[in-house]
Amino acid sequence: MTEPEQPLTGGNAGGRVVRVGDTVRKPWSAATPAVVELMAAVRDAGVDVPAFLGRDERGRQMLAYVPGTLALHSDPLAPAELGRVGGIVRAIHEACAGFVPRAEPHWAAAIPAPGAELICHGDLAPWNLIVGERWVFIDWDGAGPSTRLWDLAYAAQAFTLNDPAAPTADSAACLAAFVTGYGADASLRAALPRAMADRAAAMHELLRSSHATGVEPWASMYASGHGDHWARATRYVAGHQEIWASALSR
């Protein structure tokens, strides 16, 4: 008997994602072979990622389902928990360092990075972190060439500076905990405030320009409120650079 398909939230850029029993099914794309190879390399390095189980009868990716709750929908993460996430991001970066796919890759990163230091997940954010017995980043389909700074800037901003209504002192403390968990050196810490503002602005520009040209799913996301959110987040991050820099210098 065929098990029923249960739609899963998310998948804005990757198409329809469903759960079938203990598996997740999602569309196969030109980027998938390199993404699967990257995930295997990260997993072999000791970082917990969803196991790839092949393709189903409809040609979709099959991944092991990871039980838990998206961090986006969990209780706010405490500073110690944010430090744990920062450590996971560091472990991912270390695992990705030196990775070279066997075949010519067709990466599908939505936002160009300012360099190609290593292959990065590209969307290490609360909407892609499962928390439970295991803490696992999912949705690797947007991986591509990037830099530690650019990837860390997005992750740090998304986990700690993504609520423009939050008191800056609270956000700064969360940011410091996250970056300390990552183990960032002095040069990364000094560069992060500007990089976080630039990365938030790049997200807003992706949404704005896609809305202007009708490119989906970003066009609809812009209209549904994501554009306004990222405009506010950009102003919040860019407008308090000295506070973030002070928190990271301690």
# chains A, B, ... in the order shown; residues from 1 in each chain; ligands from 1
$ residues_around --residues "region 66-72 of chain A" --least-positions-apart "2" --cutoff "12 Å" --atoms "only C-alpha atoms" --output "ChimeraX atom specification"
/A:8-10,19,21-24,48-52,63-64,74-78,81-82,85,124-139,158-160,162-163
$ closest_atom_pairs --of "region 154-203 of chain A" --to "region 234-243 of chain A" --cutoff "7 Å" --atoms "only C-alpha atoms" --output "tab-separated table"
residue	atom	partner	partner_atom	distance
A:Leu161	CA	A:Val237	CA	6.8
A:Pro164	CA	A:Tyr236	CA	5.5
A:Ala172	CA	A:Ile243	CA	6.9
A:Pro193	CA	A:Gln241	CA	5.7
A:Met196	CA	A:Val237	CA	6.9
A:Ala197	CA	A:Ala238	CA	5.0
A:Ala200	CA	A:Thr234	CA	5.2
A:Ala201	CA	A:Thr234	CA	5.5
$ closest_residue --among "A:Ala190, A:Ala195, A:Ala184, A:Val42" --to "His121 (chain A)" --atoms "only C-alpha atoms"
A:Val42
$ residues_around --residues "Ala177 (chain A)" --least-positions-apart "5" --cutoff "7 Å" --atoms "only C-alpha atoms" --output "list of chain:residue names"
A:Pro79, A:Ala80, A:Leu82, A:Gly83
$ residues_around --residues "region 218-221 of chain A" --least-positions-apart "3" --cutoff "9 Å" --atoms "only C-alpha atoms" --output "ChimeraX atom specification"
/A:12-13,206-215,224-227
$ atom_distance --atom1 "CA of Ala108 (chain A)" --atom2 "CA of Asp44 (chain A)"
23.0 Å
$ closest_residue --among "A:Arg250, A:Arg148, A:Lys26, A:His229" --to "Leu188 (chain A)" --atoms "only C-alpha atoms"
A:Arg148
$ select_by_dssp --residues "region 1-169 of chain A" --states "strand (DSSP E or B)" --output "ChimeraX atom specification"
/A:6-7,18-20,23-26,52-55,61-64,69-70,118-120,129-131,136-137,144-146
$ atom_distance --atom1 "CA of Cys96 (chain A)" --atom2 "CA of Leu152 (chain A)"
13.4 Å
$ atom_distance --atom1 "CA of Arg189 (chain A)" --atom2 "CA of Pro167 (chain A)"
20.9 Å
$ closest_residue --among "A:Ala45, A:Ala166, A:Ala31, A:Leu248" --to "Gly183 (chain A)" --atoms "only C-alpha atoms"
A:Leu248
$ closest_residue --among "A:Leu149, A:Ala247, A:Ala30, A:Ile92" --to "Arg199 (chain A)" --atoms "only C-alpha atoms"
A:Leu149
$ closest_residue --among "A:Met62, A:Pro112, A:Glu57, A:Pro33" --to "Val20 (chain A)" --atoms "only C-alpha atoms"
A:Met62
$ closest_residue --among "A:Trp107, A:Gly181, A:Trp230, A:Ala173" --to "Ser246 (chain A)" --atoms "only C-alpha atoms"
A:Ala173
$ select_by_dssp --residues "region 113-169 of chain A" --states "helix (DSSP H, G or I)" --output "list of chain:residue names"
A:Pro126, A:Trp127, A:Asn128, A:Arg148, A:Leu149, A:Trp150, A:Asp151, A:Leu152, A:Ala153, A:Tyr154, A:Ala155, A:Ala156, A:Gln157, A:Ala158, A:Phe159, A:Thr160, A:Thr168, A:Ala169
